[in-house]
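Note sheet for the following structure.
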Amino acid sequence: MKVIVNLLGKEVRELLTRQMLVPLVAIALLFAVIGKLVRSEQAKGSGPHQVVIADYDRSALSQRIKWFLESEHLVLTEAQGDREATLKQAKDEGVNWVIVIPKGLEKSIEVMETGEVEIYGVFQGFSITQTMKGVEIKQLITALNNQLAQDHLAKVSPAVKPKNLLLPLRPKQFVVVKDQVVAGTPEMLSEIVMSQTFMIPMVLMLVIIYASQMIAASIGQEKENKTLETLLTVPIDRLSIVLGKMLGAGLFSLIITGVFMLGFSYYMGAVMGEQSIGTNIDSQMVNELGLGITLQGYILVGFALFLAVVCALSLATLLSVFADDAKSAHTAVMPVIFLVMLPFFLTMFFDITTASLPVRILVYAIPFSYPFLVPKAVMFGNYSIVGFGFLYMALFAGIMIFLAARVFATDRILTAKLRLGKKQS
Amino acid sequence: METACEVRDLVRNYGELRALDGISFSIRPGEIFGLIGPNGSGKTTTLRILATLLRPNGGTATVFGLDVTRKPKAVRRLISYLPEDAGAYKNLSGIQYLKFMAAFYARDAKGRDQMIEQAMKIANLGFRIQNKVKTYSKGMTRKLLLARALMMRPKLAILDEPTSGLDVTNSMELRQRIKEFARQGTTVLLSSHNMLEVEFLSGRVAMLCKGRIIETGTPDGLKEKYQARNLEEAFITIGK
């Protein structure tokens with residue numbers, strides 16, 4: 001234990017450098033700054049929405065349209081001239097949207113013909129906020145259309161409710177989960193699952209990428225600087241060297257991920273705003289379906305993450321051993337990153353439990369699949385996959401650590417480099 | 001009488017290349033024994049086998065009676081190895097590096113402090129011992145590494161090109177340190193392609209060429225035998 005603590009202390013001192021800290025803090029700050037900018041842009045976007053309106057109809061209907069838009073928090077400025085002058089007015093006043101109500105609109109509607117309302121987006125630059133406002137205006141016109149359609153239907157068939165004519169079929173959706181039947185849509189269910197597992201893939205990807213790269217850098221540098229040769233001749237167990245390196249890389253990857261996620265979550269909070277995943281979740285549906293992850297569930301998810309990191313570290317250690325230097329060590333651990341990305345995408349698009357046998361075998365054979373599978377398995381009470389995943393990951397990590405220690409104990413750690421063509425005296 | 005190091009018919013291959021082709025030599029306790037030869041002659045491979053880093057493909061090598069392949073852990077307690085062109089951990093200060101390495105050998109804090117004190121004397125880096133290794137010159141790093149190799153007073157110090165890349169002053173200083181330690185009882189096995197250095201340091205030498213030992217003896221004995229002014233001339237005569 002004393003030996004591992006000594007080795008860990010060295011790893012920490014070697015890794016904790018200004019070169020490592022500055023970019024890390026800078027990235028976290030960058031996310032925070034971008035998040036703040038997005039927040040301020042959204043604040044602007046959520047303010048009163050200015051629209052220039054040109055009413056050439058001057059009718060009761062055009063007045064109704066204006067009242068409706070104002071009731072929906074649009075700030076209307078009346079245009080004075082023709083279309084060209086109106087567009088110029090909007091441009092001069094920095095207003096992005098123009099609505100033109102043409103002459104004769106009311107007459108057309110009264111005789112149950114269609115009338116056109118023109119909507120102009122005045123772009124003097126481009127922003128997503130402006131585009132979103134355009135969508136809002138279209139939605140308002142659709143709502144207005146609905147009202148007018150109901151007016152028409154009331155005139156044509158006063159005995160029938162207009163809504164019944166507009167929506168003769170009304171879907172009533174249910175989801176069945178764990179033998180529970182609850183009113184709701186698959187989209188709602190998907191949102192519940194996403195809300196509770198959203199951050200896990202992000203955290204896992206980052207931790208594993210950082211951990212693999214850290215251990216690769218550590219072993220690569222030791223080989224490059226020949227400090228490894230010295231270390232291998234000191235009277236300590238080679239397994240201690242492997243564990244010391246894994247602990248150092250694991251610790252730092254967790255710290256880096258923690259700092260990174262702090263900045264990222266601030267950024268996501270700003271970007272998603274009210275649209276953030278899980279906001280619209282029906283908590284009653286979560287309770288009825290028993291899909292909330294309990295404290296014990298989170299402990300299981302955390303343990304799956306921990307085992308996946310140990311698997312990544314042990315596999316990266318084994319792969320780095322065969323590299324010549326720090327540069328080639330980074331390349332050597334690329335398979336680890338690939339093995340994380342594959343289940344990430346597969347589990348995102350497939351329900352693995354119902355996937356074809358080859359896909360299932362592939363996913364279950366990759367140890368990094370389980371942190372993606374475990375949260376959903378915990379939610380749906382499928383504990384057999386959780387237990388199997390833990391056993392498999394523990395076994396995989398154990399074998400990898402054993403192999404890494406074996407390679408460290410033999411001269412392959414040095415001869416792998418020799419076989420790549422370097423001459424020895 | 002116990003030998004410090006006994007090498008018998010040692011063979012080592014790297015794929016098709018035979019780096020060592022059945023070399024044999026023995027070293028007495030307290031002796032400075034030099035391996036000399038041109039680049040690629042097998043010096044580093046021999047030292048790496050004795051330092052338990054490489055396994056031989058044939059033959060045996062023992063350190064104070066312990067077989068390096070069968071009892072590598074026990075051998076590591078007796079030896080200290082200084083690789084050629086080795087570095088130290090760049091983000092550690094000199095003193096942190098010494099403390100890190102001493103912790104593997106010392107039984108307690110007192111023993112560790114004694115080793116560090118000893119190392120600081122050998123390295124003789126003054127206040128720079130507190131600075132990070134990445135700020136050191138090549139000579140300073142080599143002194144630090146030699147101090148690390150000798151601070152625990154190993155029974156056998158294996159030094160690969162100990163003064164490689166150093167200027168005359170630093171080389172002289174390091175040679176003096178090595179001699180001092182040998183006088184105090186440490187057996188030294190060193191390699192160099194600088195035959196004059198080996199002649200100055202070693203009690204006996206083995207000349208290697210293409211993985212074979214072509215001659216063994218004292219520097220004076222070899223010079224006399226081949227009527228050479230120095231070991232370089234003797235080596236060239238033998239090589240013919």
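Convention: chains lettered A, B, ... in structure tokens order; per-chain residue numbering from 1; ligands numbered from 1 as shown.
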
Residues of chain B within 9 Å of chain A, counting only C-alpha atoms, as a ChimeraX atom specification:
/B:14-15,19,38-45,48,51-55,72-92,96-97,100-101,103-105,211

For A:Tyr392, list every protein, DNA or RNA residue within 9 Å, evaluated using only C-alpha atoms, and leave out those in the same chain fewer than 5 positions away; present the list as a VMD selection string.
chain A and resid 364 to 365 367 387 397

Any chance you could export the current selection's N, CA and C atoms as a short mmCIF file (atom, residue, chain, number, x, y, z; two decimals), in the first residue's frame?
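What follows is the written file part27.cif:
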```
data_model
loop_
_atom_site.label_atom_id
_atom_site.label_comp_id
_atom_site.auth_asym_id
_atom_site.auth_seq_id
_atom_site.Cartn_x
_atom_site.Cartn_y
_atom_site.Cartn_z
N TYR A 364 -23.18 -6.78 -25.82
CA TYR A 364 -22.89 -7.39 -24.51
C TYR A 364 -21.41 -7.76 -24.37
N ALA A 365 -20.71 -7.93 -25.50
CA ALA A 365 -19.29 -8.30 -25.43
C ALA A 365 -18.40 -7.10 -25.12
N PRO A 367 -17.38 -4.22 -22.83
CA PRO A 367 -17.62 -3.90 -21.42
C PRO A 367 -18.17 -2.49 -21.21
N GLY A 387 -26.65 -7.22 -13.04
CA GLY A 387 -25.76 -8.19 -12.38
C GLY A 387 -24.75 -8.77 -13.35
N ALA A 397 -11.96 -6.36 -16.37
CA ALA A 397 -10.93 -5.51 -15.76
C ALA A 397 -9.87 -6.37 -15.07
#
```

Any idea what's packed within 8 Å of B:Leu174, counting only C-alpha atoms, ignoring anything in its chain fewer than 4 positions away? Could you give it as a VMD selection string?
chain B and resid 143 146 162 to 163 170 178

Any chance you could export the current selection's N, CA, C and O atoms as a PDB file, in the first residue's frame?
```pdb
ATOM      1  N   LYS B 143      23.984  13.793 -12.970  1.00  0.00           N
ATOM      2  CA  LYS B 143      24.490  13.743 -11.583  1.00  0.00           C
ATOM      3  C   LYS B 143      23.383  13.279 -10.642  1.00  0.00           C
ATOM      4  O   LYS B 143      23.610  12.494  -9.726  1.00  0.00           O
ATOM      5  N   LEU B 146      22.874   9.571 -11.125  1.00  0.00           N
ATOM      6  CA  LEU B 146      23.951   8.774 -10.525  1.00  0.00           C
ATOM      7  C   LEU B 146      23.788   8.758  -9.002  1.00  0.00           C
ATOM      8  O   LEU B 146      23.979   7.723  -8.346  1.00  0.00           O
ATOM      9  N   PRO B 162      27.944   5.815 -17.966  1.00  0.00           N
ATOM     10  CA  PRO B 162      27.626   6.755 -16.879  1.00  0.00           C
ATOM     11  C   PRO B 162      27.918   8.217 -17.191  1.00  0.00           C
ATOM     12  O   PRO B 162      27.244   9.093 -16.662  1.00  0.00           O
ATOM     13  N   THR B 163      28.895   8.485 -18.049  1.00  0.00           N
ATOM     14  CA  THR B 163      29.214   9.901 -18.321  1.00  0.00           C
ATOM     15  C   THR B 163      28.798  10.307 -19.730  1.00  0.00           C
ATOM     16  O   THR B 163      29.300  11.298 -20.258  1.00  0.00           O
ATOM     17  N   ASN B 170      32.348  17.570 -15.617  1.00  0.00           N
ATOM     18  CA  ASN B 170      31.308  16.730 -15.008  1.00  0.00           C
ATOM     19  C   ASN B 170      31.678  15.252 -15.075  1.00  0.00           C
ATOM     20  O   ASN B 170      31.423  14.495 -14.135  1.00  0.00           O
ATOM     21  N   ILE B 178      32.213   7.455  -8.542  1.00  0.00           N
ATOM     22  CA  ILE B 178      32.094   6.000  -8.758  1.00  0.00           C
ATOM     23  C   ILE B 178      33.237   5.286  -8.061  1.00  0.00           C
ATOM     24  O   ILE B 178      33.041   4.263  -7.379  1.00  0.00           O
TER      25      ILE B 178
END
```

Secondary structure check, helix (DSSP H, G or I) residues of stretch 34-137 of chain B, as an MDAnalysis selection string:
chainID B and resid 43:50 72:78 94:102 109:123 126:130 133:135

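In this structure, atom CA of A:Val333 sits 22.7 Å away from atom CA of A:Gly389.
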
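Straight-line separation from atom CA of A:Val175 to atom CA of A:Val374: 21.5 Å.
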
Could you state the separation of atom CA of A:Asn146 and atom CA of A:Met188 in Å, given to one decimal place?
25.9 Å

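With distances restricted to only C-alpha atoms, A:Thr142 is the closest residue to A:Leu69 from A:Ser384, A:Gln19, A:Ser40, A:Thr142.
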
Please, which residues of stretch 62-161 of chain B, numbered as in this document, come out strand (DSSP E or B) from DSSP, as a PyMOL selection string?
chain B and resi 62-63+66-67+79-82+93+132+156-160

Could you save those same residues with N, CA, C and O atoms as a PDB file, in the first residue's frame?
```pdb
ATOM      1  N   THR B  62      24.016 -14.655 -12.646  1.00  0.00           N
ATOM      2  CA  THR B  62      23.688 -14.558 -11.220  1.00  0.00           C
ATOM      3  C   THR B  62      24.305 -13.304 -10.623  1.00  0.00           C
ATOM      4  O   THR B  62      25.351 -12.839 -11.077  1.00  0.00           O
ATOM      5  N   VAL B  63      23.618 -12.777  -9.630  1.00  0.00           N
ATOM      6  CA  VAL B  63      24.111 -11.621  -8.880  1.00  0.00           C
ATOM      7  C   VAL B  63      24.183 -12.045  -7.418  1.00  0.00           C
ATOM      8  O   VAL B  63      23.147 -12.394  -6.832  1.00  0.00           O
ATOM      9  N   LEU B  66      22.352 -15.144  -6.807  1.00  0.00           N
ATOM     10  CA  LEU B  66      20.920 -15.210  -7.164  1.00  0.00           C
ATOM     11  C   LEU B  66      20.748 -15.152  -8.674  1.00  0.00           C
ATOM     12  O   LEU B  66      21.288 -14.245  -9.328  1.00  0.00           O
ATOM     13  N   ASP B  67      20.002 -16.114  -9.206  1.00  0.00           N
ATOM     14  CA  ASP B  67      19.769 -16.159 -10.650  1.00  0.00           C
ATOM     15  C   ASP B  67      18.824 -15.011 -11.055  1.00  0.00           C
ATOM     16  O   ASP B  67      17.749 -14.864 -10.469  1.00  0.00           O
ATOM     17  N   ILE B  79      20.686  -4.609  -6.449  1.00  0.00           N
ATOM     18  CA  ILE B  79      21.279  -3.840  -7.547  1.00  0.00           C
ATOM     19  C   ILE B  79      20.703  -2.432  -7.657  1.00  0.00           C
ATOM     20  O   ILE B  79      19.678  -2.105  -7.062  1.00  0.00           O
ATOM     21  N   SER B  80      21.387  -1.651  -8.458  1.00  0.00           N
ATOM     22  CA  SER B  80      20.876  -0.345  -8.849  1.00  0.00           C
ATOM     23  C   SER B  80      21.307  -0.149 -10.294  1.00  0.00           C
ATOM     24  O   SER B  80      22.453  -0.437 -10.642  1.00  0.00           O
ATOM     25  N   TYR B  81      20.382   0.293 -11.134  1.00  0.00           N
ATOM     26  CA  TYR B  81      20.679   0.372 -12.569  1.00  0.00           C
ATOM     27  C   TYR B  81      20.539   1.802 -13.066  1.00  0.00           C
ATOM     28  O   TYR B  81      19.557   2.475 -12.788  1.00  0.00           O
ATOM     29  N   LEU B  82      21.542   2.244 -13.780  1.00  0.00           N
ATOM     30  CA  LEU B  82      21.495   3.572 -14.400  1.00  0.00           C
ATOM     31  C   LEU B  82      21.520   3.388 -15.913  1.00  0.00           C
ATOM     32  O   LEU B  82      22.568   3.089 -16.490  1.00  0.00           O
ATOM     33  N   SER B  93      10.771  18.015  -8.548  1.00  0.00           N
ATOM     34  CA  SER B  93      12.046  18.677  -8.257  1.00  0.00           C
ATOM     35  C   SER B  93      13.077  17.577  -8.003  1.00  0.00           C
ATOM     36  O   SER B  93      12.720  16.405  -7.806  1.00  0.00           O
ATOM     37  N   LYS B 132      12.724  22.104 -10.364  1.00  0.00           N
ATOM     38  CA  LYS B 132      12.175  20.985 -11.149  1.00  0.00           C
ATOM     39  C   LYS B 132      13.242  20.431 -12.093  1.00  0.00           C
ATOM     40  O   LYS B 132      14.059  21.188 -12.634  1.00  0.00           O
ATOM     41  N   LEU B 156      25.529  -4.123  -6.027  1.00  0.00           N
ATOM     42  CA  LEU B 156      26.034  -4.066  -7.402  1.00  0.00           C
ATOM     43  C   LEU B 156      25.390  -2.878  -8.120  1.00  0.00           C
ATOM     44  O   LEU B 156      24.170  -2.821  -8.249  1.00  0.00           O
ATOM     45  N   ALA B 157      26.232  -1.938  -8.538  1.00  0.00           N
ATOM     46  CA  ALA B 157      25.732  -0.804  -9.325  1.00  0.00           C
ATOM     47  C   ALA B 157      26.012  -1.084 -10.795  1.00  0.00           C
ATOM     48  O   ALA B 157      27.152  -1.346 -11.178  1.00  0.00           O
ATOM     49  N   ILE B 158      24.934  -1.052 -11.599  1.00  0.00           N
ATOM     50  CA  ILE B 158      25.066  -1.333 -13.037  1.00  0.00           C
ATOM     51  C   ILE B 158      24.901  -0.001 -13.768  1.00  0.00           C
ATOM     52  O   ILE B 158      23.805   0.573 -13.784  1.00  0.00           O
ATOM     53  N   LEU B 159      25.980   0.481 -14.325  1.00  0.00           N
ATOM     54  CA  LEU B 159      25.964   1.828 -14.899  1.00  0.00           C
ATOM     55  C   LEU B 159      26.240   1.755 -16.408  1.00  0.00           C
ATOM     56  O   LEU B 159      27.318   1.341 -16.830  1.00  0.00           O
ATOM     57  N   ASP B 160      25.232   2.161 -17.188  1.00  0.00           N
ATOM     58  CA  ASP B 160      25.362   2.113 -18.647  1.00  0.00           C
ATOM     59  C   ASP B 160      25.800   3.491 -19.141  1.00  0.00           C
ATOM     60  O   ASP B 160      25.047   4.455 -19.018  1.00  0.00           O
TER      61      ASP B 160
END
```

For A:Val207, please output as a compact mmCIF listing (two decimals) with N, CA and C atoms, in the first residue's frame all residues within 8 Å (counting only C-alpha atoms; exclusion window: fewer than 3 positions along the same chain).
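Result saved to around.txt:
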```txt
# COMPACT_ATOMS: atom_id res chain seq x y z
N VAL A 203 -20.68 11.93 -19.44
CA VAL A 203 -19.70 11.73 -18.38
C VAL A 203 -18.80 10.55 -18.73
N LEU A 204 -19.43 9.47 -19.16
CA LEU A 204 -18.66 8.25 -19.45
C LEU A 204 -17.67 8.48 -20.58
N TYR A 210 -10.40 10.73 -21.29
CA TYR A 210 -9.33 11.34 -20.49
C TYR A 210 -8.47 10.28 -19.81
N ALA A 211 -9.13 9.28 -19.22
CA ALA A 211 -8.39 8.25 -18.48
C ALA A 211 -7.44 7.50 -19.42
N SER A 253 -8.64 11.84 -14.39
CA SER A 253 -9.72 11.88 -15.37
C SER A 253 -11.03 12.27 -14.69
N LEU A 254 -11.21 11.83 -13.44
CA LEU A 254 -12.43 12.21 -12.71
C LEU A 254 -12.43 13.70 -12.40
N ILE A 256 -10.80 16.07 -14.05
CA ILE A 256 -10.96 16.80 -15.32
C ILE A 256 -12.43 16.76 -15.76
N THR A 257 -13.01 15.57 -15.69
CA THR A 257 -14.41 15.44 -16.10
C THR A 257 -15.31 16.29 -15.21
N VAL A 309 -14.74 2.63 -16.00
CA VAL A 309 -13.49 3.40 -15.97
C VAL A 309 -12.31 2.47 -15.68
```
